file data.cif (mmCIF, C-alpha atoms)
data_query
loop_
_atom_site.group_PDB
_atom_site.id
_atom_site.type_symbol
_atom_site.label_atom_id
_atom_site.label_comp_id
_atom_site.auth_asym_id
_atom_site.auth_seq_id
_atom_site.Cartn_x
_atom_site.Cartn_y
_atom_site.Cartn_z
ATOM 1 C CA LEU A 1 22.626 9.022 13.697
ATOM 2 C CA CYS A 2 20.699 10.494 16.627
ATOM 3 C CA HIS A 3 22.051 8.159 19.307
ATOM 4 C CA PRO A 4 22.300 8.702 22.277
ATOM 5 C CA SER A 5 19.357 11.104 21.978
ATOM 6 C CA THR A 6 15.855 9.731 22.496
ATOM 7 C CA VAL A 7 13.973 9.321 19.205
ATOM 8 C CA ILE A 8 10.219 9.026 18.650
ATOM 9 C CA GLY A 9 9.182 7.921 15.153
ATOM 10 C CA LEU A 10 5.638 8.606 13.928
ATOM 11 C CA VAL A 11 5.024 6.247 10.998
ATOM 12 C CA LEU A 12 2.498 6.459 8.143
ATOM 13 C CA SER A 13 2.420 3.041 6.493
ATOM 14 C CA ASP A 14 1.673 2.489 2.816
ATOM 15 C CA ILE A 15 2.797 -1.158 2.854
ATOM 16 C CA ILE A 16 0.482 -4.110 3.439
ATOM 17 C CA GLY A 17 1.197 -5.730 6.803
ATOM 18 C CA ASP A 18 2.929 -2.596 8.164
ATOM 19 C CA PRO A 19 6.504 -3.970 8.369
ATOM 20 C CA LEU A 20 8.175 -1.146 10.304
ATOM 21 C CA ASP A 21 11.637 -1.951 8.956
ATOM 22 C CA LEU A 22 10.463 -1.492 5.358
ATOM 23 C CA ILE A 23 8.246 1.591 5.635
ATOM 24 C CA ALA A 24 10.419 4.494 4.372
ATOM 25 C CA SER A 25 13.328 2.033 4.846
ATOM 26 C CA GLY A 26 12.652 1.929 8.603
ATOM 27 C CA PRO A 27 15.001 4.688 9.833
ATOM 28 C CA THR A 28 13.922 4.343 13.487
ATOM 29 C CA VAL A 29 13.685 0.543 13.860
ATOM 30 C CA PRO A 30 16.243 -2.284 13.896
ATOM 31 C CA ASP A 31 17.205 -3.918 10.610
ATOM 32 C CA ASP A 32 17.560 -7.616 11.413
ATOM 33 C CA ARG A 33 17.032 -9.041 7.931
ATOM 34 C CA SER A 34 19.410 -7.260 5.555
ATOM 35 C CA THR A 35 23.189 -7.018 5.247
ATOM 36 C CA TRP A 36 25.771 -5.606 2.862
ATOM 37 C CA LYS A 37 25.845 -8.973 1.072
ATOM 38 C CA HIS A 38 22.071 -8.956 0.566
ATOM 39 C CA ALA A 39 22.316 -5.536 -1.085
ATOM 40 C CA TRP A 40 25.194 -6.582 -3.349
ATOM 41 C CA ASN A 41 23.344 -9.742 -4.373
ATOM 42 C CA LEU A 42 20.475 -7.551 -5.606
ATOM 43 C CA VAL A 43 22.918 -5.436 -7.594
ATOM 44 C CA THR A 44 24.216 -8.486 -9.432
ATOM 45 C CA LYS A 45 20.795 -10.160 -9.756
ATOM 46 C CA TYR A 46 19.216 -7.166 -11.471
ATOM 47 C CA ASN A 47 22.336 -6.114 -13.365
ATOM 48 C CA LEU A 48 22.697 -2.725 -11.679
ATOM 49 C CA ASN A 49 26.465 -2.601 -11.970
ATOM 50 C CA GLY A 50 26.504 -1.201 -15.503
ATOM 51 C CA ARG A 51 27.314 -4.423 -17.352
ATOM 52 C CA SER A 52 25.545 -5.235 -20.599
ATOM 53 C CA HIS A 53 22.802 -7.816 -20.424
ATOM 54 C CA THR A 54 20.875 -9.506 -23.224
ATOM 55 C CA ARG A 55 17.282 -10.385 -22.462
ATOM 56 C CA GLY A 56 16.543 -14.100 -22.619
ATOM 57 C CA GLN A 57 14.083 -15.642 -25.013
ATOM 58 C CA CYS A 58 11.840 -16.699 -22.137
ATOM 59 C CA GLU A 59 11.279 -13.109 -21.030
ATOM 60 C CA GLU A 60 8.040 -11.490 -22.097
ATOM 61 C CA ASN A 61 8.394 -8.938 -24.884
ATOM 62 C CA SER A 62 12.005 -10.018 -25.201
ATOM 63 C CA SER A 63 14.487 -8.141 -27.324
ATOM 64 C CA SER A 64 17.887 -9.116 -28.621
ATOM 65 C CA ARG A 65 19.220 -5.677 -27.781
ATOM 66 C CA PRO A 66 21.509 -5.550 -24.718
ATOM 67 C CA THR A 67 20.272 -3.404 -21.873
ATOM 68 C CA THR A 68 22.379 -1.530 -19.337
ATOM 69 C CA SER A 69 21.348 -0.141 -15.968
ATOM 70 C CA SER A 70 23.633 1.149 -13.293
ATOM 71 C CA LEU A 71 23.648 2.649 -9.826
ATOM 72 C CA PRO A 72 25.961 5.634 -9.179
ATOM 73 C CA THR A 73 29.623 4.651 -8.930
ATOM 74 C CA GLU A 74 29.851 5.853 -5.327
ATOM 75 C CA VAL A 75 26.934 3.613 -4.309
ATOM 76 C CA LEU A 76 28.360 0.605 -6.132
ATOM 77 C CA ASN A 77 31.761 1.069 -4.498
ATOM 78 C CA LEU A 78 30.190 1.382 -1.037
ATOM 79 C CA LEU A 79 28.071 -1.756 -1.446
ATOM 80 C CA LYS A 80 30.984 -3.713 -2.859
ATOM 81 C CA GLU A 81 33.269 -2.735 0.027
ATOM 82 C CA GLY A 82 30.565 -3.594 2.548
ATOM 83 C CA ALA A 83 29.902 -6.994 0.998
ATOM 84 C CA ALA A 84 33.626 -7.728 1.048
ATOM 85 C CA GLY A 85 33.695 -7.115 4.814
ATOM 86 C CA ASN A 86 35.805 -3.971 4.587
ATOM 87 C CA ILE A 87 33.244 -1.789 6.384
ATOM 88 C CA ASP A 88 32.514 -2.497 10.028
ATOM 89 C CA GLU A 89 29.353 -0.410 10.290
ATOM 90 C CA ASP A 90 26.102 -1.920 9.019
ATOM 91 C CA THR A 91 22.490 -0.902 9.503
ATOM 92 C CA PRO A 92 21.801 -1.113 13.279
ATOM 93 C CA LYS A 93 20.427 -4.395 14.578
ATOM 94 C CA SER A 94 18.234 -5.090 17.623
ATOM 95 C CA ASN A 95 21.258 -5.239 19.922
ATOM 96 C CA HIS A 96 22.350 -1.705 19.033
ATOM 97 C CA ALA A 97 22.405 0.736 21.959
ATOM 98 C CA ALA A 98 19.966 3.011 20.111
ATOM 99 C CA PHE A 99 17.201 0.468 20.802
ATOM 100 C CA SER A 100 18.027 -0.204 24.453
ATOM 101 C CA THR A 101 15.826 0.504 27.472
ATOM 102 C CA ILE A 102 16.385 3.782 29.285
ATOM 103 C CA LEU A 103 16.438 3.795 33.075
ATOM 104 C CA PRO A 104 16.046 7.357 34.429
ATOM 105 C CA ALA A 105 18.539 8.598 36.972
ATOM 106 C CA HIS A 106 17.722 7.554 40.558
ATOM 107 C CA ASN A 107 16.361 10.540 42.485
ATOM 108 C CA ASN A 108 15.783 8.770 45.808
ATOM 109 C CA ILE A 109 12.052 9.499 45.582
ATOM 110 C CA SER A 110 9.792 6.614 46.487
ATOM 111 C CA GLU A 111 6.081 6.094 45.900
ATOM 112 C CA LYS A 112 3.653 3.908 47.813
ATOM 113 C CA ASP A 113 1.323 1.293 46.399
ATOM 114 C CA ASP A 114 -2.193 0.463 47.595
ATOM 115 C CA ASN A 115 -0.749 -1.400 50.597
ATOM 116 C CA ASN A 116 1.293 1.643 51.613
ATOM 117 C CA THR A 117 4.466 -0.212 50.600
ATOM 118 C CA PRO A 118 7.245 2.031 49.239
ATOM 119 C CA GLN A 119 7.879 1.448 45.535
ATOM 120 C CA ASP A 120 10.982 2.833 43.907
ATOM 121 C CA SER A 121 9.886 5.092 41.039
ATOM 122 C CA LEU A 122 12.986 3.917 39.180
ATOM 123 C CA PHE A 123 11.063 0.872 37.953
ATOM 124 C CA LYS A 124 7.871 2.729 37.045
ATOM 125 C CA HIS A 125 9.129 4.990 34.285
ATOM 126 C CA GLN A 126 11.224 2.836 32.021
ATOM 127 C CA THR A 127 11.211 3.893 28.362
ATOM 128 C CA ARG A 128 13.073 2.881 25.252
ATOM 129 C CA GLN A 129 15.834 4.844 23.615
ATOM 130 C CA THR A 130 13.825 4.750 20.387
ATOM 131 C CA GLU A 131 10.031 4.538 20.227
ATOM 132 C CA THR A 132 8.119 3.942 16.974
ATOM 133 C CA VAL A 133 4.387 4.653 16.759
ATOM 134 C CA LEU A 134 2.208 3.592 13.820
ATOM 135 C CA VAL A 135 -0.164 6.540 13.393
ATOM 136 C CA GLY A 136 -1.708 5.625 10.041
ATOM 137 C CA ASN A 137 -2.075 2.716 7.623
ATOM 138 C CA ASN A 138 -4.460 1.191 5.090
ATOM 139 C CA HIS A 139 -6.749 -0.187 7.782
ATOM 140 C CA LYS A 140 -7.114 3.185 9.511
ATOM 141 C CA ALA A 141 -7.731 4.914 6.173
ATOM 142 C CA VAL A 142 -10.432 2.415 5.213
ATOM 143 C CA ILE A 143 -12.189 2.743 8.565
ATOM 144 C CA ALA A 144 -12.084 6.546 8.345
ATOM 145 C CA ALA A 145 -13.515 6.461 4.813
ATOM 146 C CA ALA A 146 -16.299 4.097 5.885
ATOM 147 C CA THR A 147 -17.160 6.273 8.856
ATOM 148 C CA ASN A 148 -17.351 9.381 6.680
ATOM 149 C CA ALA A 149 -19.437 7.559 4.057
ATOM 150 C CA LYS A 150 -21.910 6.505 6.732
ATOM 151 C CA ASP A 151 -22.174 10.082 7.982
ATOM 152 C CA LEU A 152 -23.002 11.158 4.424
ATOM 153 C CA GLY A 153 -25.889 8.692 4.221
ATOM 154 C CA TYR A 154 -24.228 5.816 2.372
ATOM 155 C CA THR A 155 -24.163 2.172 3.384
ATOM 156 C CA PRO A 156 -20.424 1.432 3.612
ATOM 157 C CA ILE A 157 -19.170 -1.997 2.528
ATOM 158 C CA ILE A 158 -15.523 -2.643 3.382
ATOM 159 C CA LEU A 159 -13.992 -5.058 0.865
ATOM 160 C CA GLY A 160 -10.705 -5.287 2.739
ATOM 161 C CA SER A 161 -7.535 -3.357 3.515
ATOM 162 C CA ASP A 162 -5.016 -5.739 1.932
ATOM 163 C CA ILE A 163 -6.191 -5.908 -1.694
ATOM 164 C CA GLN A 164 -3.378 -7.031 -4.020
ATOM 165 C CA GLY A 165 -2.963 -8.018 -7.663
ATOM 166 C CA GLU A 166 -2.751 -6.414 -11.096
ATOM 167 C CA ALA A 167 -4.352 -2.968 -11.025
ATOM 168 C CA SER A 168 -6.208 -3.611 -14.288
ATOM 169 C CA ILE A 169 -7.808 -6.791 -12.932
ATOM 170 C CA VAL A 170 -8.712 -5.184 -9.613
ATOM 171 C CA ALA A 171 -10.319 -2.288 -11.499
ATOM 172 C CA LYS A 172 -12.568 -4.634 -13.469
ATOM 173 C CA PHE A 173 -13.521 -6.436 -10.251
ATOM 174 C CA TYR A 174 -14.595 -3.157 -8.667
ATOM 175 C CA VAL A 175 -16.671 -2.273 -11.725
ATOM 176 C CA SER A 176 -18.260 -5.728 -11.584
ATOM 177 C CA LEU A 177 -19.434 -4.995 -8.042
ATOM 178 C CA MET A 178 -20.728 -1.607 -9.151
ATOM 179 C CA SER A 179 -22.699 -3.226 -11.981
ATOM 180 C CA ARG A 180 -24.230 -5.664 -9.504
ATOM 181 C CA LEU A 181 -25.444 -2.728 -7.445
ATOM 182 C CA ALA A 182 -26.835 -1.154 -10.623
ATOM 183 C CA LEU A 183 -28.905 -4.286 -11.215
ATOM 184 C CA GLN A 184 -30.179 -4.065 -7.676
ATOM 185 C CA ARG A 185 -31.087 -0.412 -8.167
ATOM 186 C CA ASN A 186 -33.003 -1.124 -11.329
ATOM 187 C CA GLN A 187 -34.715 -4.166 -9.861
ATOM 188 C CA SER A 188 -36.004 -6.596 -12.501
ATOM 189 C CA VAL A 189 -34.870 -4.608 -15.554
ATOM 190 C CA ASN A 190 -31.586 -5.731 -17.037
ATOM 191 C CA TYR A 191 -29.663 -2.478 -16.753
ATOM 192 C CA PHE A 192 -27.341 -3.108 -19.680
ATOM 193 C CA HIS A 193 -29.570 -4.816 -22.246
ATOM 194 C CA GLU A 194 -32.968 -3.409 -21.195
ATOM 195 C CA ILE A 195 -34.662 -6.833 -21.050
ATOM 196 C CA GLU A 196 -35.936 -8.854 -18.161
ATOM 197 C CA THR A 197 -34.153 -12.135 -17.537
ATOM 198 C CA GLU A 198 -34.356 -14.938 -15.029
ATOM 199 C CA GLN A 199 -30.912 -13.865 -13.845
ATOM 200 C CA THR A 200 -32.057 -10.371 -12.867
ATOM 201 C CA HIS A 201 -35.029 -11.807 -10.977
ATOM 202 C CA GLN A 202 -32.651 -14.049 -9.053
ATOM 203 C CA PHE A 203 -30.393 -11.088 -8.283
ATOM 204 C CA ASP A 204 -33.363 -9.195 -6.869
ATOM 205 C CA THR A 205 -33.745 -11.866 -4.218
ATOM 206 C CA PHE A 206 -30.212 -11.384 -2.883
ATOM 207 C CA HIS A 207 -29.367 -7.725 -2.459
ATOM 208 C CA MET A 208 -25.829 -6.667 -1.500
ATOM 209 C CA ALA A 209 -26.874 -3.841 0.811
ATOM 210 C CA LYS A 210 -29.278 -0.987 1.225
ATOM 211 C CA LEU A 211 -28.703 1.721 -1.381
ATOM 212 C CA PRO A 212 -26.932 4.085 -1.754
ATOM 213 C CA VAL A 213 -23.731 2.101 -1.222
ATOM 214 C CA ALA A 214 -20.081 3.072 -0.845
ATOM 215 C CA LEU A 215 -17.673 0.231 -1.672
ATOM 216 C CA ILE A 216 -14.405 0.849 0.172
ATOM 217 C CA ALA A 217 -11.111 -1.005 -0.180
ATOM 218 C CA GLY A 218 -7.434 -0.483 0.566
ATOM 219 C CA GLY A 219 -4.311 -2.308 -0.483
ATOM 220 C CA GLU A 220 -1.379 -2.217 -2.863
ATOM 221 C CA THR A 221 -1.924 -3.213 -6.469
ATOM 222 C CA THR A 222 0.707 -3.698 -9.174
ATOM 223 C CA VAL A 223 1.179 -2.317 -12.676
ATOM 224 C CA THR A 224 3.264 -4.593 -14.905
ATOM 225 C CA LEU A 225 4.996 -2.588 -17.612
ATOM 226 C CA PRO A 226 5.954 -4.061 -20.994
ATOM 227 C CA PHE A 227 9.580 -3.865 -22.052
ATOM 228 C CA GLY A 228 10.422 -0.491 -23.552
ATOM 229 C CA CYS A 229 7.412 1.267 -22.021
ATOM 230 C CA THR A 230 8.002 5.024 -21.651
ATOM 231 C CA GLY A 231 4.627 6.124 -20.270
ATOM 232 C CA LEU A 232 4.008 7.790 -16.930
ATOM 233 C CA GLY A 233 1.472 6.938 -14.253
ATOM 234 C CA GLY A 234 0.825 4.724 -11.273
ATOM 235 C CA ARG A 235 -1.548 2.159 -9.852
ATOM 236 C CA ASN A 236 -4.284 4.663 -9.070
ATOM 237 C CA GLN A 237 -4.349 6.139 -12.558
ATOM 238 C CA GLU A 238 -4.246 2.617 -14.019
ATOM 239 C CA ILE A 239 -7.260 1.569 -11.932
ATOM 240 C CA GLY A 240 -9.176 4.705 -12.814
ATOM 241 C CA LEU A 241 -8.563 4.537 -16.562
ATOM 242 C CA ILE A 242 -9.300 0.817 -16.865
ATOM 243 C CA ALA A 243 -12.452 1.302 -14.777
ATOM 244 C CA ALA A 244 -13.583 4.248 -16.911
ATOM 245 C CA LEU A 245 -13.300 2.200 -20.091
ATOM 246 C CA ARG A 246 -15.180 -0.708 -18.547
ATOM 247 C CA MET A 247 -17.901 1.581 -17.153
ATOM 248 C CA LYS A 248 -18.324 3.100 -20.612
ATOM 249 C CA GLU A 249 -18.549 -0.372 -22.140
ATOM 250 C CA LEU A 250 -21.318 -1.326 -19.714
ATOM 251 C CA GLY A 251 -23.074 2.038 -19.895
ATOM 252 C CA LEU A 252 -22.833 2.240 -16.133
ATOM 253 C CA ARG A 253 -24.334 5.519 -14.956
ATOM 254 C CA ASN A 254 -24.853 7.149 -11.571
ATOM 255 C CA ALA A 255 -21.679 5.512 -10.261
ATOM 256 C CA VAL A 256 -18.310 7.023 -9.415
ATOM 257 C CA LEU A 257 -14.966 5.330 -8.799
ATOM 258 C CA ALA A 258 -12.082 7.044 -7.005
ATOM 259 C CA SER A 259 -8.594 5.578 -6.541
ATOM 260 C CA ILE A 260 -6.392 7.499 -4.102
ATOM 261 C CA GLY A 261 -2.791 7.130 -2.959
ATOM 262 C CA THR A 262 -2.504 7.602 0.810
ATOM 263 C CA ASP A 263 1.149 8.606 0.466
ATOM 264 C CA GLY A 264 0.286 11.569 -1.764
ATOM 265 C CA THR A 265 1.878 10.318 -4.990
ATOM 266 C CA ASP A 266 1.003 7.937 -7.798
ATOM 267 C CA GLY A 267 4.056 6.835 -9.718
ATOM 268 C CA PRO A 268 6.572 9.443 -10.928
ATOM 269 C CA THR A 269 3.838 12.024 -11.508
ATOM 270 C CA GLY A 270 2.295 14.977 -9.743
ATOM 271 C CA CYS A 271 -0.975 13.094 -9.193
ATOM 272 C CA CYS A 272 -2.076 11.017 -6.214
ATOM 273 C CA ARG A 273 -5.645 10.147 -7.190
ATOM 274 C CA ILE A 274 -8.126 9.693 -10.012
ATOM 275 C CA CYS A 275 -11.907 9.991 -9.959
ATOM 276 C CA CYS A 276 -13.952 8.774 -12.908
ATOM 277 C CA ARG A 277 -17.412 8.361 -14.324
ATOM 278 C CA TRP A 278 -18.168 6.537 -17.543
ATOM 279 C CA TRP A 279 -17.807 9.547 -19.871
ATOM 280 C CA TYR A 280 -14.335 10.513 -18.586
ATOM 281 C CA HIS A 281 -12.677 7.999 -20.924
ATOM 282 C CA ARG A 282 -12.946 10.484 -23.804
ATOM 283 C CA GLN A 283 -10.715 12.998 -22.041
ATOM 284 C CA ALA A 284 -8.384 10.257 -20.768
#
call {"tool": "encode", "arguments": {"input": "data.cif", "output": "structure tokens"}}
result
Amino acid sequence: LCHPSTVIGLVLSDIIGDPLDLIASGPTVPDDRSTWKHAWNLVTKYNLNGRSHTRGQCEENSSSRPTTSSLPTEVLNLLKEGAAGNIDEDTPKSNHAAFSTILPAHNNISEKDDNNTPQDSLFKHQTRQTETVLVGNNHKAVIAAATNAKDLGYTPIILGSDIQGEASIVAKFYVSLMSRLALQRNQSVNYFHEIETEQTHQFDTFHMAKLPVALIAGGETTVTLPFGCTGLGGRNQEIGLIAALRMKELGLRNAVLASIGTDGTDGPTGCCRICCRWWYHRQA
């Protein structure tokens, strides 16, 4: 749309691996992996053309009731025409002029190198028609959080910046690490059952890190919804609520878990984060 103007894209990534063509649909980078036909295949695969569909018996929480989902008619017509080859324009590929190299106009000004040899400045200032700069991602967020935690007197432990999986399972894993640190804090006393065991003595020999500790992780977890679910929320709220229940179950005190969305939202809600201690489950 902006061609032939020069475009500089500053990208904040919330996708693991930082694929520039997928972040916010990649408006300033070439699209070399999708076509009209790919889009139409998704419409038919997921029944988005308004036709009735009966869930199969093999589907979890299956129902014999037909379900109907549909994209707007204008969108369906556009995708169908594109897939049929009736629209010449597609998303721009790498060979589009918008992604070409710009050579500035020759101004007959020459520069000299270290050997006093004239060098045409024409070849020293080449740029691209479109430049894309990754200014933030999960890795940068994790490093910034760890740096701040260290400044506050915590020992930061980075668990990774590409954590994936079901949010409920990831939440329980985080709480498991927190409970291990609780055992370390309380030395040979079993924090949850108030008895000494051989296991706690063994744990004392292998400490995770010097307390206090900040466990830091980034990634993109998943919330699998059952059929017919009408609730609201997102991965961060799911992690926080599951963690709060587990922390209450273990009686885990003096520990806080926060789950934050770097893109500022968490599902179709007005929230982007949740912070919990064990007693928060009553309000939740």
call {"tool": "resolve_selection", "arguments": {"input": "data.cif", "expression": "the PyMOL selection byres ((chain A and resi 263) around 12)", "output": "list of chain:residue names"}}
result
A:Val11, A:Leu12, A:Ser13, A:Asp14, A:Ile15, A:Ile23, A:Ala24, A:Gly136, A:Asn137, A:Asn138, A:Ala141, A:Glu220, A:Asn236, A:Ile260, A:Gly261, A:Thr262, A:Gly264, A:Thr265, A:Asp266, A:Gly267, A:Cys271, A:Cys272, A:Arg273
call {"tool": "resolve_selection", "arguments": {"input": "data.cif", "expression": "the PyMOL selection byres ((chain A and resi 225) around 12)", "output": "number ranges by chain"}}
result
A: 60-61, 166-168, 222-224, 226-235, 238
call {"tool": "residues_around", "arguments": {"input": "data.cif", "residues": "Leu211 in chain A", "least_positions_apart": "4", "cutoff": "12 Å", "atoms": "only C-alpha atoms", "output": "PDB file with C-alpha atoms, in the coordinates of the input"}}
result
ATOM      1  CA  LYS A 150     -21.910   6.505   6.732  1.00  0.00           C
ATOM      2  CA  GLY A 153     -25.889   8.692   4.221  1.00  0.00           C
ATOM      3  CA  TYR A 154     -24.228   5.816   2.372  1.00  0.00           C
ATOM      4  CA  THR A 155     -24.163   2.172   3.384  1.00  0.00           C
ATOM      5  CA  PRO A 156     -20.424   1.432   3.612  1.00  0.00           C
ATOM      6  CA  ILE A 157     -19.170  -1.997   2.528  1.00  0.00           C
ATOM      7  CA  MET A 178     -20.728  -1.607  -9.151  1.00  0.00           C
ATOM      8  CA  ARG A 180     -24.230  -5.664  -9.504  1.00  0.00           C
ATOM      9  CA  LEU A 181     -25.444  -2.728  -7.445  1.00  0.00           C
ATOM     10  CA  ALA A 182     -26.835  -1.154 -10.623  1.00  0.00           C
ATOM     11  CA  LEU A 183     -28.905  -4.286 -11.215  1.00  0.00           C
ATOM     12  CA  GLN A 184     -30.179  -4.065  -7.676  1.00  0.00           C
ATOM     13  CA  ARG A 185     -31.087  -0.412  -8.167  1.00  0.00           C
ATOM     14  CA  ASN A 186     -33.003  -1.124 -11.329  1.00  0.00           C
ATOM     15  CA  GLN A 187     -34.715  -4.166  -9.861  1.00  0.00           C
ATOM     16  CA  HIS A 207     -29.367  -7.725  -2.459  1.00  0.00           C
ATOM     17  CA  LEU A 215     -17.673   0.231  -1.672  1.00  0.00           C
ATOM     18  CA  ALA A 255     -21.679   5.512 -10.261  1.00  0.00           C
TER      19      ALA A 255
END
call {"tool": "atom_distance", "arguments": {"input": "data.cif", "atom1": "CA of Pro30 in chain A", "atom2": "CA of Asp18 in chain A"}}
result
14.5 Å
call {"tool": "atom_distance", "arguments": {"input": "data.cif", "atom1": "CA of Leu42 in chain A", "atom2": "CA of Asn86 in chain A"}}
result
18.8 Å
call {"tool": "closest_residue", "arguments": {"input": "data.cif", "among": "A:Leu252, A:Leu1, A:Leu20, A:Leu257", "to": "Gly240 in chain A", "atoms": "only C-alpha atoms"}}
result
A:Leu257
call {"tool": "residues_around", "arguments": {"input": "data.cif", "residues": "Asn95 in chain A", "least_positions_apart": "6", "cutoff": "12 Å", "atoms": "only C-alpha atoms", "output": "number ranges by chain"}}
result
A: 29-32, 101
call {"tool": "resolve_selection", "arguments": {"input": "data.cif", "expression": "the PyMOL selection byres ((chain A and resi 100) around 6)", "output": "MDAnalysis selection string"}}
result
chainID A and resid 97:99 101 128:129
call {"tool": "closest_residue", "arguments": {"input": "data.cif", "among": "A:Gly9, A:Pro4, A:Pro268, A:Pro92", "to": "Ser34 in chain A", "atoms": "only C-alpha atoms"}}
result
A:Pro92
call {"tool": "build_atoms", "arguments": {"input": "data.cif", "residues": "range 19-35 of chain A", "atoms": "N, CA, C and O atoms", "output": "CSV table (one decimal), in the frame of the given file"}}
result
chain,number,residue,atom,x,y,z
A,19,PRO,N,5.2,-3.6,7.9
A,19,PRO,CA,6.5,-4.0,8.4
A,19,PRO,C,7.3,-2.7,8.7
A,19,PRO,O,7.7,-2.0,7.7
A,20,LEU,N,7.6,-2.4,9.9
A,20,LEU,CA,8.2,-1.1,10.3
A,20,LEU,C,9.6,-1.0,9.7
A,20,LEU,O,10.0,0.1,9.5
A,21,ASP,N,10.3,-2.1,9.5
A,21,ASP,CA,11.6,-2.0,9.0
A,21,ASP,C,11.7,-1.7,7.5
A,21,ASP,O,12.7,-1.4,6.9
A,22,LEU,N,10.5,-1.8,6.8
A,22,LEU,CA,10.5,-1.5,5.4
A,22,LEU,C,9.8,-0.2,5.0
A,22,LEU,O,10.1,0.4,4.0
A,23,ILE,N,8.9,0.3,5.9
A,23,ILE,CA,8.2,1.6,5.6
A,23,ILE,C,9.3,2.7,5.7
A,23,ILE,O,9.9,3.0,6.7
A,24,ALA,N,9.4,3.4,4.5
A,24,ALA,CA,10.4,4.5,4.4
A,24,ALA,C,11.8,4.0,4.7
A,24,ALA,O,12.6,4.7,5.3
A,25,SER,N,12.1,2.7,4.5
A,25,SER,CA,13.3,2.0,4.8
A,25,SER,C,13.6,1.9,6.3
A,25,SER,O,14.7,1.6,6.8
A,26,GLY,N,12.6,2.2,7.2
A,26,GLY,CA,12.7,1.9,8.6
A,26,GLY,C,13.8,2.7,9.3
A,26,GLY,O,14.6,2.0,10.0
A,27,PRO,N,13.9,4.0,9.2
A,27,PRO,CA,15.0,4.7,9.8
A,27,PRO,C,15.0,4.7,11.4
A,27,PRO,O,16.1,4.9,11.9
A,28,THR,N,13.9,4.3,12.0
A,28,THR,CA,13.9,4.3,13.5
A,28,THR,C,13.7,3.0,14.1
A,28,THR,O,13.3,2.9,15.3
A,29,VAL,N,13.9,1.9,13.3
A,29,VAL,CA,13.7,0.5,13.9
A,29,VAL,C,14.9,-0.3,13.5
A,29,VAL,O,15.6,0.0,12.5
A,30,PRO,N,15.1,-1.4,14.2
A,30,PRO,CA,16.2,-2.3,13.9
A,30,PRO,C,16.1,-2.9,12.5
A,30,PRO,O,15.0,-3.2,12.1
A,31,ASP,N,17.2,-3.2,11.9
A,31,ASP,CA,17.2,-3.9,10.6
A,31,ASP,C,17.9,-5.3,10.8
A,31,ASP,O,19.1,-5.4,10.8
A,32,ASP,N,17.0,-6.3,11.1
A,32,ASP,CA,17.6,-7.6,11.4
A,32,ASP,C,17.5,-8.6,10.2
A,32,ASP,O,17.8,-9.8,10.4
A,33,ARG,N,17.1,-8.1,9.0
A,33,ARG,CA,17.0,-9.0,7.9
A,33,ARG,C,17.8,-8.7,6.7
A,33,ARG,O,17.7,-9.3,5.7
A,34,SER,N,18.6,-7.6,6.7
A,34,SER,CA,19.4,-7.3,5.6
A,34,SER,C,20.8,-7.0,6.0
A,34,SER,O,21.1,-6.5,7.1
A,35,THR,N,21.8,-7.2,5.0
A,35,THR,CA,23.2,-7.0,5.2
A,35,THR,C,23.8,-6.4,4.0
A,35,THR,O,23.1,-6.3,2.9
